[in-house]
$ cat run-v7.cif   # mmCIF, C-alpha atoms
data_entry
loop_
_atom_site.group_PDB
_atom_site.id
_atom_site.type_symbol
_atom_site.label_atom_id
_atom_site.label_comp_id
_atom_site.auth_asym_id
_atom_site.auth_seq_id
_atom_site.Cartn_x
_atom_site.Cartn_y
_atom_site.Cartn_z
ATOM 1 C CA MET Q 1 -5.363 8.458 135.060
ATOM 2 C CA SER Q 2 -4.819 8.290 138.820
ATOM 3 C CA ALA Q 3 -2.298 5.862 140.280
ATOM 4 C CA ALA Q 4 -3.589 2.615 141.697
ATOM 5 C CA ALA Q 5 -4.375 2.780 145.390
ATOM 6 C CA PRO Q 6 -1.911 1.013 147.687
ATOM 7 C CA LEU Q 7 -2.879 -2.499 148.736
ATOM 8 C CA ARG Q 8 -2.193 -3.672 152.274
ATOM 9 C CA ASP Q 9 -2.009 -7.053 153.968
ATOM 10 C CA ALA Q 10 -0.771 -8.516 157.227
ATOM 11 C CA ALA Q 11 1.867 -11.247 157.316
ATOM 12 C CA PRO Q 12 1.395 -13.216 160.538
ATOM 13 C CA GLY Q 13 4.304 -14.931 162.189
ATOM 14 C CA LYS Q 14 3.994 -18.583 163.101
ATOM 15 C CA THR Q 15 5.171 -21.104 165.596
ATOM 16 C CA ASN Q 16 5.509 -24.864 165.290
ATOM 17 C CA LEU Q 17 3.509 -26.508 168.057
ATOM 18 C CA CYS Q 18 5.268 -29.679 167.066
ATOM 19 C CA LEU Q 19 8.105 -30.256 164.632
ATOM 20 C CA TYR Q 20 9.274 -33.792 164.014
ATOM 21 C CA LEU Q 21 12.327 -34.179 161.797
ATOM 22 C CA GLY Q 22 12.467 -37.164 159.478
ATOM 23 C CA PRO Q 23 14.858 -38.589 156.896
ATOM 24 C CA THR Q 24 16.599 -36.493 154.264
ATOM 25 C CA ARG Q 25 14.988 -36.700 150.827
ATOM 26 C CA PRO Q 26 16.882 -37.075 147.534
ATOM 27 C CA ASP Q 27 16.426 -33.323 146.962
ATOM 28 C CA GLY Q 28 18.322 -32.625 150.201
ATOM 29 C CA ARG Q 29 15.266 -31.466 152.167
ATOM 30 C CA HIS Q 30 14.008 -33.246 155.279
ATOM 31 C CA GLU Q 31 10.691 -34.990 155.652
ATOM 32 C CA LEU Q 32 8.709 -33.231 158.384
ATOM 33 C CA VAL Q 33 5.606 -33.593 160.483
ATOM 34 C CA SER Q 34 4.625 -30.259 161.980
ATOM 35 C CA VAL Q 35 1.573 -28.454 163.291
ATOM 36 C CA MET Q 36 2.108 -24.840 162.289
ATOM 37 C CA GLN Q 37 0.081 -22.122 163.970
ATOM 38 C CA SER Q 38 -0.209 -18.548 162.698
ATOM 39 C CA LEU Q 39 -0.112 -15.855 165.377
ATOM 40 C CA THR Q 40 -1.539 -12.359 165.685
ATOM 41 C CA LEU Q 41 2.011 -10.955 165.832
ATOM 42 C CA ALA Q 42 2.340 -9.842 162.208
ATOM 43 C CA ASP Q 43 4.316 -7.730 159.756
ATOM 44 C CA GLU Q 44 2.480 -5.093 157.718
ATOM 45 C CA LEU Q 45 2.922 -5.006 153.920
ATOM 46 C CA THR Q 46 1.972 -2.339 151.394
ATOM 47 C CA LEU Q 47 2.109 -2.840 147.602
ATOM 48 C CA GLU Q 48 1.906 0.147 145.261
ATOM 49 C CA PRO Q 49 3.331 1.306 141.932
ATOM 50 C CA ARG Q 50 6.752 2.913 142.195
ATOM 51 C CA ALA Q 51 6.529 6.695 141.956
ATOM 52 C CA ASP Q 52 10.257 7.306 141.510
ATOM 53 C CA GLY Q 53 10.647 6.082 137.960
ATOM 54 C CA GLY Q 54 12.429 2.866 138.940
ATOM 55 C CA ASP Q 55 12.429 0.163 136.295
ATOM 56 C CA ALA Q 56 12.084 -2.920 138.566
ATOM 57 C CA ASP Q 57 10.067 -4.079 141.550
ATOM 58 C CA GLU Q 58 11.529 -2.861 144.837
ATOM 59 C CA VAL Q 59 11.249 -4.200 148.387
ATOM 60 C CA VAL Q 60 11.675 -1.664 151.183
ATOM 61 C CA CYS Q 61 12.136 -3.280 154.580
ATOM 62 C CA PRO Q 62 13.695 -0.883 157.108
ATOM 63 C CA GLY Q 63 16.132 -2.581 159.452
ATOM 64 C CA VAL Q 64 16.579 -5.688 157.305
ATOM 65 C CA THR Q 65 19.397 -5.938 154.786
ATOM 66 C CA GLY Q 66 20.208 -8.396 152.004
ATOM 67 C CA GLU Q 67 17.935 -10.304 149.669
ATOM 68 C CA ASN Q 68 14.296 -10.473 150.677
ATOM 69 C CA LEU Q 69 12.116 -13.523 150.065
ATOM 70 C CA ALA Q 70 9.143 -11.258 149.389
ATOM 71 C CA GLY Q 71 10.976 -9.862 146.368
ATOM 72 C CA ALA Q 72 11.559 -13.398 145.118
ATOM 73 C CA ALA Q 73 7.831 -14.041 145.554
ATOM 74 C CA LEU Q 74 6.923 -11.047 143.365
ATOM 75 C CA ALA Q 75 9.406 -12.156 140.708
ATOM 76 C CA ALA Q 76 8.058 -15.715 140.749
ATOM 77 C CA PHE Q 77 4.485 -14.450 140.444
ATOM 78 C CA ARG Q 78 5.329 -12.237 137.462
ATOM 79 C CA ALA Q 79 7.181 -15.075 135.730
ATOM 80 C CA ALA Q 80 4.340 -17.547 136.263
ATOM 81 C CA THR Q 81 1.447 -15.270 135.296
ATOM 82 C CA GLY Q 82 2.950 -12.812 132.824
ATOM 83 C CA TRP Q 83 1.750 -9.928 135.017
ATOM 84 C CA ASP Q 84 3.083 -6.864 133.232
ATOM 85 C CA ALA Q 85 2.071 -4.108 135.639
ATOM 86 C CA PRO Q 86 4.517 -1.202 136.082
ATOM 87 C CA PRO Q 87 7.283 -1.719 138.656
ATOM 88 C CA GLN Q 88 5.921 -2.057 142.180
ATOM 89 C CA ARG Q 89 7.199 -1.029 145.575
ATOM 90 C CA LEU Q 90 6.581 -3.487 148.405
ATOM 91 C CA THR Q 91 7.076 -1.888 151.812
ATOM 92 C CA ILE Q 92 7.382 -4.147 154.863
ATOM 93 C CA ALA Q 93 6.982 -2.885 158.423
ATOM 94 C CA LYS Q 94 8.599 -5.608 160.534
ATOM 95 C CA HIS Q 95 7.066 -6.726 163.823
ATOM 96 C CA VAL Q 96 7.864 -10.453 163.663
ATOM 97 C CA PRO Q 97 11.447 -11.100 164.875
ATOM 98 C CA VAL Q 98 13.983 -11.647 162.087
ATOM 99 C CA ALA Q 99 15.919 -14.941 161.704
ATOM 100 C CA ALA Q 100 14.063 -16.117 164.776
ATOM 101 C CA GLY Q 101 12.161 -19.293 163.896
ATOM 102 C CA MET Q 102 8.819 -17.516 163.523
ATOM 103 C CA GLY Q 103 8.615 -17.573 159.737
ATOM 104 C CA GLY Q 104 8.745 -13.801 159.369
ATOM 105 C CA GLY Q 105 10.381 -13.819 155.940
ATOM 106 C CA SER Q 106 8.228 -16.719 154.780
ATOM 107 C CA GLY Q 107 5.087 -14.932 155.957
ATOM 108 C CA ASP Q 108 6.156 -11.811 154.041
ATOM 109 C CA ALA Q 109 6.657 -13.905 150.886
ATOM 110 C CA ALA Q 110 3.199 -15.460 151.315
ATOM 111 C CA ALA Q 111 1.638 -12.026 151.785
ATOM 112 C CA ALA Q 112 3.482 -10.736 148.708
ATOM 113 C CA LEU Q 113 1.883 -13.536 146.670
ATOM 114 C CA ARG Q 114 -1.553 -12.631 148.026
ATOM 115 C CA LEU Q 115 -1.029 -8.943 147.226
ATOM 116 C CA ALA Q 116 0.192 -9.667 143.698
ATOM 117 C CA HIS Q 117 -2.831 -11.904 143.123
ATOM 118 C CA THR Q 118 -5.172 -9.162 144.356
ATOM 119 C CA ALA Q 119 -3.451 -6.428 142.343
ATOM 120 C CA SER Q 120 -3.358 -8.404 139.114
ATOM 121 C CA GLY Q 121 -6.464 -10.567 139.297
ATOM 122 C CA LEU Q 122 -4.259 -13.379 137.994
ATOM 123 C CA GLY Q 123 -3.620 -16.857 139.357
ATOM 124 C CA ASP Q 124 -5.575 -18.942 141.817
ATOM 125 C CA ALA Q 125 -5.057 -20.774 145.101
ATOM 126 C CA GLU Q 126 -3.375 -23.692 143.331
ATOM 127 C CA LEU Q 127 -0.838 -21.431 141.641
ATOM 128 C CA LEU Q 128 -0.077 -19.540 144.842
ATOM 129 C CA HIS Q 129 0.563 -22.840 146.623
ATOM 130 C CA HIS Q 130 2.827 -24.004 143.800
ATOM 131 C CA LEU Q 131 4.842 -20.784 143.891
ATOM 132 C CA ALA Q 132 5.032 -20.876 147.686
ATOM 133 C CA THR Q 133 6.443 -24.401 147.578
ATOM 134 C CA GLY Q 134 9.320 -23.187 145.444
ATOM 135 C CA LEU Q 135 10.116 -20.359 147.846
ATOM 136 C CA GLY Q 136 10.661 -22.310 151.065
ATOM 137 C CA ALA Q 137 9.324 -24.936 153.448
ATOM 138 C CA ASP Q 138 7.437 -22.471 155.663
ATOM 139 C CA VAL Q 139 5.818 -20.412 152.884
ATOM 140 C CA PRO Q 140 2.966 -22.736 151.740
ATOM 141 C CA ALA Q 141 1.380 -22.930 155.194
ATOM 142 C CA GLN Q 142 1.348 -19.127 155.441
ATOM 143 C CA VAL Q 143 -0.436 -18.383 152.187
ATOM 144 C CA GLU Q 144 -3.681 -18.942 154.103
ATOM 145 C CA PRO Q 145 -2.873 -18.195 157.750
ATOM 146 C CA GLY Q 146 -4.358 -20.477 160.368
ATOM 147 C CA ARG Q 147 -3.499 -23.884 161.785
ATOM 148 C CA VAL Q 148 -2.189 -26.587 159.491
ATOM 149 C CA LEU Q 149 -0.562 -29.982 159.611
ATOM 150 C CA ALA Q 150 2.438 -29.777 157.295
ATOM 151 C CA THR Q 151 4.128 -32.894 155.940
ATOM 152 C CA GLY Q 152 6.521 -33.696 153.105
ATOM 153 C CA ALA Q 153 9.101 -30.915 153.324
ATOM 154 C CA GLY Q 154 6.341 -28.513 154.354
ATOM 155 C CA GLU Q 155 4.504 -28.447 151.019
ATOM 156 C CA THR Q 156 1.709 -30.934 151.842
ATOM 157 C CA LEU Q 157 -0.909 -29.252 154.001
ATOM 158 C CA GLU Q 158 -3.975 -30.380 155.911
ATOM 159 C CA ARG Q 159 -6.083 -27.639 157.408
ATOM 160 C CA LEU Q 160 -6.930 -28.176 161.064
ATOM 161 C CA PRO Q 161 -9.845 -26.767 163.059
ATOM 162 C CA ALA Q 162 -9.289 -23.595 165.019
ATOM 163 C CA PRO Q 163 -7.971 -24.395 168.496
ATOM 164 C CA ALA Q 164 -9.494 -23.480 171.819
ATOM 165 C CA PRO Q 165 -8.369 -19.959 172.808
ATOM 166 C CA TYR Q 166 -5.005 -19.628 174.532
ATOM 167 C CA GLY Q 167 -2.332 -17.011 175.067
ATOM 168 C CA VAL Q 168 1.190 -16.957 173.683
ATOM 169 C CA LEU Q 169 4.197 -15.319 175.290
ATOM 170 C CA VAL Q 170 6.877 -14.520 172.694
ATOM 171 C CA LEU Q 171 10.420 -14.076 174.018
ATOM 172 C CA PRO Q 172 12.640 -12.809 171.175
ATOM 173 C CA SER Q 173 16.433 -12.776 171.196
ATOM 174 C CA HIS Q 174 19.130 -10.510 169.818
ATOM 175 C CA LEU Q 175 20.707 -13.659 168.408
ATOM 176 C CA ALA Q 176 19.948 -14.714 164.846
ATOM 177 C CA LEU Q 177 20.022 -18.342 163.771
ATOM 178 C CA SER Q 178 20.142 -19.440 160.151
ATOM 179 C CA THR Q 179 17.595 -22.165 159.474
ATOM 180 C CA ALA Q 180 20.142 -23.939 157.293
ATOM 181 C CA ASP Q 181 22.717 -23.870 160.099
ATOM 182 C CA VAL Q 182 20.240 -25.338 162.574
ATOM 183 C CA TYR Q 183 19.324 -28.155 160.186
ATOM 184 C CA ARG Q 184 23.008 -28.912 159.619
ATOM 185 C CA GLU Q 185 23.549 -29.056 163.371
ATOM 186 C CA ALA Q 186 20.539 -31.345 163.730
ATOM 187 C CA ASP Q 187 22.068 -33.649 161.139
ATOM 188 C CA ARG Q 188 25.431 -33.565 162.916
ATOM 189 C CA MET Q 189 23.722 -34.477 166.191
ATOM 190 C CA GLY Q 190 21.707 -37.268 164.558
ATOM 191 C CA LEU Q 191 18.356 -35.796 165.612
ATOM 192 C CA GLY Q 192 16.377 -37.031 162.591
ATOM 193 C CA ARG Q 193 13.877 -39.867 163.002
ATOM 194 C CA ASP Q 194 13.579 -42.859 160.726
ATOM 195 C CA ALA Q 195 10.573 -43.233 158.428
ATOM 196 C CA ALA Q 196 8.678 -45.564 160.776
ATOM 197 C CA ASP Q 197 9.094 -43.236 163.755
ATOM 198 C CA LEU Q 198 8.001 -40.232 161.691
ATOM 199 C CA ALA Q 199 4.925 -42.128 160.453
ATOM 200 C CA GLN Q 200 3.963 -42.907 164.056
ATOM 201 C CA ARG Q 201 4.301 -39.248 165.026
ATOM 202 C CA LEU Q 202 2.040 -38.331 162.112
ATOM 203 C CA ALA Q 203 -0.578 -40.851 163.232
ATOM 204 C CA ASP Q 204 -0.421 -39.490 166.781
ATOM 205 C CA VAL Q 205 -0.852 -35.891 165.624
ATOM 206 C CA ARG Q 206 -3.787 -36.764 163.359
ATOM 207 C CA GLU Q 207 -5.507 -38.527 166.248
ATOM 208 C CA PHE Q 208 -5.699 -35.308 168.240
ATOM 209 C CA GLY Q 209 -6.024 -32.714 165.459
ATOM 210 C CA ALA Q 210 -6.336 -29.207 166.868
ATOM 211 C CA ASP Q 211 -5.926 -30.172 170.518
ATOM 212 C CA LEU Q 212 -2.403 -31.498 170.866
ATOM 213 C CA PRO Q 213 -1.608 -33.018 174.278
ATOM 214 C CA ASP Q 214 1.564 -31.912 176.048
ATOM 215 C CA ALA Q 215 3.286 -35.144 175.044
ATOM 216 C CA LEU Q 216 3.109 -34.132 171.370
ATOM 217 C CA ILE Q 217 4.209 -30.508 171.811
ATOM 218 C CA HIS Q 218 7.822 -31.058 170.864
ATOM 219 C CA ASN Q 219 10.459 -29.571 168.557
ATOM 220 C CA ASP Q 220 13.179 -31.889 167.244
ATOM 221 C CA LEU Q 221 15.228 -28.832 166.220
ATOM 222 C CA GLU Q 222 15.336 -27.424 169.752
ATOM 223 C CA ALA Q 223 18.450 -29.354 170.771
ATOM 224 C CA ALA Q 224 20.282 -28.178 167.650
ATOM 225 C CA ALA Q 225 19.277 -24.560 168.258
ATOM 226 C CA ARG Q 226 20.438 -24.794 171.869
ATOM 227 C CA SER Q 227 23.718 -26.344 170.749
ATOM 228 C CA LEU Q 228 24.379 -23.298 168.562
ATOM 229 C CA ALA Q 229 22.961 -20.788 171.069
ATOM 230 C CA PRO Q 230 23.165 -22.115 174.656
ATOM 231 C CA GLU Q 231 21.570 -18.905 175.936
ATOM 232 C CA ILE Q 232 18.229 -20.327 174.769
ATOM 233 C CA GLY Q 233 18.204 -22.549 177.852
ATOM 234 C CA ARG Q 234 17.905 -19.515 180.110
ATOM 235 C CA THR Q 235 15.053 -18.137 178.024
ATOM 236 C CA LEU Q 236 13.126 -21.395 178.299
ATOM 237 C CA ILE Q 237 13.438 -21.130 182.086
ATOM 238 C CA GLU Q 238 12.403 -17.467 181.897
ATOM 239 C CA ALA Q 239 9.165 -18.390 180.131
ATOM 240 C CA MET Q 240 8.275 -21.001 182.725
ATOM 241 C CA ALA Q 241 9.144 -18.614 185.557
ATOM 242 C CA ALA Q 242 6.682 -16.138 184.012
ATOM 243 C CA GLY Q 243 3.920 -18.729 184.438
ATOM 244 C CA ALA Q 244 3.815 -20.520 181.088
ATOM 245 C CA ASP Q 245 2.241 -23.964 181.079
ATOM 246 C CA ARG Q 246 4.754 -25.039 178.445
ATOM 247 C CA SER Q 247 7.787 -23.457 176.790
ATOM 248 C CA PHE Q 248 9.704 -24.458 173.669
ATOM 249 C CA VAL Q 249 11.858 -23.090 170.882
ATOM 250 C CA SER Q 250 9.895 -21.770 167.914
ATOM 251 C CA GLY Q 251 10.945 -23.487 164.693
ATOM 252 C CA SER Q 252 14.696 -23.212 164.204
ATOM 253 C CA GLY Q 253 14.959 -20.621 166.993
ATOM 254 C CA PRO Q 254 16.159 -18.719 168.837
ATOM 255 C CA THR Q 255 12.740 -17.285 169.802
ATOM 256 C CA VAL Q 256 11.128 -19.022 172.770
ATOM 257 C CA ILE Q 257 7.372 -19.482 173.016
ATOM 258 C CA GLY Q 258 5.412 -19.815 176.252
ATOM 259 C CA LEU Q 259 1.905 -21.284 176.043
ATOM 260 C CA PHE Q 260 -0.760 -20.207 178.542
ATOM 261 C CA ALA Q 261 -4.205 -21.724 178.870
ATOM 262 C CA ASP Q 262 -5.179 -18.440 180.578
ATOM 263 C CA ARG Q 263 -4.874 -15.566 178.088
ATOM 264 C CA ASP Q 264 -5.008 -12.929 180.815
ATOM 265 C CA ALA Q 265 -2.056 -14.594 182.519
ATOM 266 C CA ALA Q 266 -0.141 -14.508 179.245
ATOM 267 C CA ARG Q 267 -0.885 -10.807 178.804
ATOM 268 C CA GLU Q 268 0.288 -10.121 182.347
ATOM 269 C CA ALA Q 269 3.457 -12.136 181.766
ATOM 270 C CA ALA Q 270 4.250 -10.146 178.614
ATOM 271 C CA ALA Q 271 3.578 -6.863 180.429
ATOM 272 C CA GLY Q 272 5.823 -7.966 183.273
ATOM 273 C CA LEU Q 273 8.642 -8.650 180.812
ATOM 274 C CA ALA Q 274 8.164 -5.493 178.759
ATOM 275 C CA GLU Q 275 11.462 -4.106 180.056
ATOM 276 C CA ARG Q 276 13.516 -7.145 179.029
ATOM 277 C CA ASP Q 277 15.817 -6.708 176.051
ATOM 278 C CA PRO Q 278 14.327 -7.383 173.554
ATOM 279 C CA PRO Q 279 10.837 -6.901 175.015
ATOM 280 C CA ALA Q 280 8.424 -9.801 175.413
ATOM 281 C CA ARG Q 281 5.388 -9.825 173.146
ATOM 282 C CA TYR Q 282 1.865 -11.168 173.578
ATOM 283 C CA ALA Q 283 0.084 -13.016 170.767
ATOM 284 C CA GLU Q 284 -2.862 -15.301 170.146
ATOM 285 C CA PRO Q 285 -3.461 -18.053 167.600
ATOM 286 C CA ILE Q 286 -5.216 -17.143 164.369
ATOM 287 C CA GLY Q 287 -8.105 -19.427 163.483
ATOM 288 C CA LEU Q 288 -9.132 -20.256 159.942
ATOM 289 C CA PRO Q 289 -11.792 -18.001 158.362
ATOM 290 C CA GLY Q 290 -15.197 -19.296 159.312
ATOM 291 C CA ALA Q 291 -13.825 -21.759 161.874
#
$ encode --input "run-v7.cif" --output "structure tokens"
Amino acid sequence: MSAAAPLRDAAPGKTNLCLYLGPTRPDGRHELVSVMQSLTLADELTLEPRADGGDADEVVCPGVTGENLAGAALAAFRAATGWDAPPQRLTIAKHVPVAAGMGGGSGDAAAALRLAHTASGLGDAELLHHLATGLGADVPAQVEPGRVLATGAGETLERLPAPAPYGVLVLPSHLALSTADVYREADRMGLGRDAADLAQRLADVREFGADLPDALIHNDLEAAARSLAPEIGRTLIEAMAAGADRSFVSGSGPTVIGLFADRDAAREAAAGLAERDPPARYAEPIGLPGA
């Protein structure tokens, strides 16, 4: 019998067009209101049976060391479904910056769930969402890439219509920021909103849906990220100097995003910063299937 053919999937990165930080819940996680947007900048994943006789699933991710959330996703899927396929190798070609506020690891975990579902024929959308919720705040929104309004601690999702086309300038950094460290700094700085304020932000975001006005494009974690990595301030200026209509820190940082209404201008800005270290990248928003 021939070996199963490798399965492949893309794991898009994301940015938070808004991220409002609310009170801390009893489980230690923060209430959030965030519009999360998947981008065309994506990792590439391949799932296939191990050919080396290994007795456990393996994640191969060149350039990234330590535990990998995609491996935890495979383990969670096996435990929940009883999938008893031979040990698998999951290979990840990284293109989304690591520890950068773009949900690269979370996107890989979401893609791993999709691949396991495809390979096994087990589970459904409800199970994948449940497993994603247990893996991290950014994972549920990336199981089905697109644009979503995320509330709760990221586990409650409302799909939003695809936005009007625009260009995205991605300015990565050699710095790496731990999401947990940024949240701790936000707490130290008192950046969280009370429940009433957070509810108002949610009402404002729902009013506009896919087309957020500039006044709502805001990241409550940006000040905490800049406190830990002051160099981010220069990158925000760099994005605006390149012609961005708006610049902000992506998620917990340190990546900076520049939004351009004119996609050609965004492409030209990325090309003009191709020699920076690390190089600028161009991306576009991913719309929902059929949107």
$ closest_residue --input "run-v7.cif" --among "Q:Pro165, Q:Gly253, Q:Gly136, Q:Gly258" --to "Tyr282 (chain Q)" --atoms "all atoms listed in the file"
Q:Gly258
$ resolve_selection --input "run-v7.cif" --expression "the PyMOL selection byres ((chain Q and resi 222-229) around 9)" --output "list in words"
Leu175, Leu177, Asp181, Val182, Tyr183, Arg184, Glu185, Ala186, Asp187, Arg188, Met189, Leu191, His218, Asn219, Asp220, Leu221, Pro230, Glu231, Ile232, Gly233, Phe248, Val249, Ser250, Gly251, Ser252, Gly253 and Pro254 of chain Q
$ closest_residue --input "run-v7.cif" --among "Q:Tyr20, Q:Ala199, Q:Ala10, Q:His130" --to "His95 (chain Q)" --atoms "all atoms listed in the file"
Q:Ala10
$ closest_residue --input "run-v7.cif" --among "Q:Ala70, Q:Ile92, Q:Ala119, Q:Val256" --to "Ala5 (chain Q)" --atoms "all atoms listed in the file"
Q:Ala119
$ resolve_selection --input "run-v7.cif" --expression "the PyMOL selection byres ((chain Q and resi 6) around 12)" --output "ChimeraX atom specification"
/Q:2-5,7-9,45-51,88-91,115-116,118-119
$ closest_residue --input "run-v7.cif" --among "Q:Gly105, Q:Ala93, Q:His129, Q:Leu216" --to "Val60 (chain Q)" --atoms "all atoms listed in the file"
Q:Ala93
$ atom_distance --input "run-v7.cif" --atom1 "CA of Pro12 (chain Q)" --atom2 "CA of Thr40 (chain Q)"
6.0 Å
$ resolve_selection --input "run-v7.cif" --expression "the PyMOL selection byres ((chain Q and resi 151) around 8)" --output "JSON, numbers by chain"
{"Q": [31, 32, 33, 34, 149, 150, 152, 153, 154, 155, 156, 157]}
$ closest_residue --input "run-v7.cif" --among "Q:Leu69, Q:Ala269, Q:Val168, Q:Val143" --to "Glu126 (chain Q)" --atoms "all atoms listed in the file"
Q:Val143
$ atom_distance --input "run-v7.cif" --atom1 "CA of Leu21 (chain Q)" --atom2 "CA of Leu198 (chain Q)"
7.4 Å
$ residues_around --input "run-v7.cif" --residues "Pro172 (chain Q)" --least-positions-apart "2" --cutoff "10 Å" --atoms "all atoms listed in the file" --output "PyMOL selection string"
chain Q and resi 96-98+100-102+169-170+174-176+235+250+253-257+276-281
$ residues_around --input "run-v7.cif" --residues "Ala164 (chain Q)" --least-positions-apart "6" --cutoff "10 Å" --atoms "only C-alpha atoms" --output "NGL selection string"
:Q and (210-211 or 261 or 285 or 287)
$ axis_aligned_box --input "run-v7.cif" --around "region 116-128 of chain Q" --padding-each-side "3 Å" --output "lines of an AutoDock Vina configuration file"
center_x = -3.1
center_y = -15.1
center_z = 141.5
size_x = 12.7
size_y = 23.3
size_z = 13.1
$ atom_distance --input "run-v7.cif" --atom1 "CA of Gly63 (chain Q)" --atom2 "CA of Ala110 (chain Q)"
20.0 Å
$ closest_residue --input "run-v7.cif" --among "Q:Pro140, Q:Ala11, Q:Glu207, Q:Thr179" --to "Ala112 (chain Q)" --atoms "only C-alpha atoms"
Q:Ala11
$ residues_around --input "run-v7.cif" --residues "Ala56 (chain Q)" --least-positions-apart "2" --cutoff "7 Å" --atoms "all atoms listed in the file" --output "list in words"
Gly54, Glu58 and Pro87 of chain Q
$ write_last_selection --input "run-v7.cif" --atoms "C-alpha atoms" --output "short mmCIF file (atom, residue, chain, number, x, y, z; two decimals), in the frame of the given file"
data_model
loop_
_atom_site.label_atom_id
_atom_site.label_comp_id
_atom_site.auth_asym_id
_atom_site.auth_seq_id
_atom_site.Cartn_x
_atom_site.Cartn_y
_atom_site.Cartn_z
CA GLY Q 54 12.43 2.87 138.94
CA GLU Q 58 11.53 -2.86 144.84
CA PRO Q 87 7.28 -1.72 138.66
#
$ residues_around --input "run-v7.cif" --residues "Leu131 (chain Q)" --least-positions-apart "3" --cutoff "9 Å" --atoms "only C-alpha atoms" --output "ChimeraX atom specification"
/Q:73,76-77,80,113,126-128,134-135,140
$ residues_around --input "run-v7.cif" --residues "Arg246 (chain Q)" --least-positions-apart "6" --cutoff "8 Å" --atoms "all atoms listed in the file" --output "ChimeraX atom specification"
/Q:214,240,258-260
$ write_last_selection --input "run-v7.cif" --atoms "C-alpha atoms" --output "PDB file, keeping the file's coordinate frame"
ATOM      1  CA  ASP Q 214       1.564 -31.912 176.048  1.00  0.00           C
ATOM      2  CA  MET Q 240       8.275 -21.001 182.725  1.00  0.00           C
ATOM      3  CA  GLY Q 258       5.412 -19.815 176.252  1.00  0.00           C
ATOM      4  CA  LEU Q 259       1.905 -21.284 176.043  1.00  0.00           C
ATOM      5  CA  PHE Q 260      -0.760 -20.207 178.542  1.00  0.00           C
TER       6      PHE Q 260
END
$ residues_near_point --input "run-v7.cif" --point "(-1.3, -12.0, 180.9)" --cutoff "10 Å" --atoms "all atoms listed in the file" --output "VMD selection string"
chain Q and resid 167 to 169 242 to 244 260 262 to 272 282
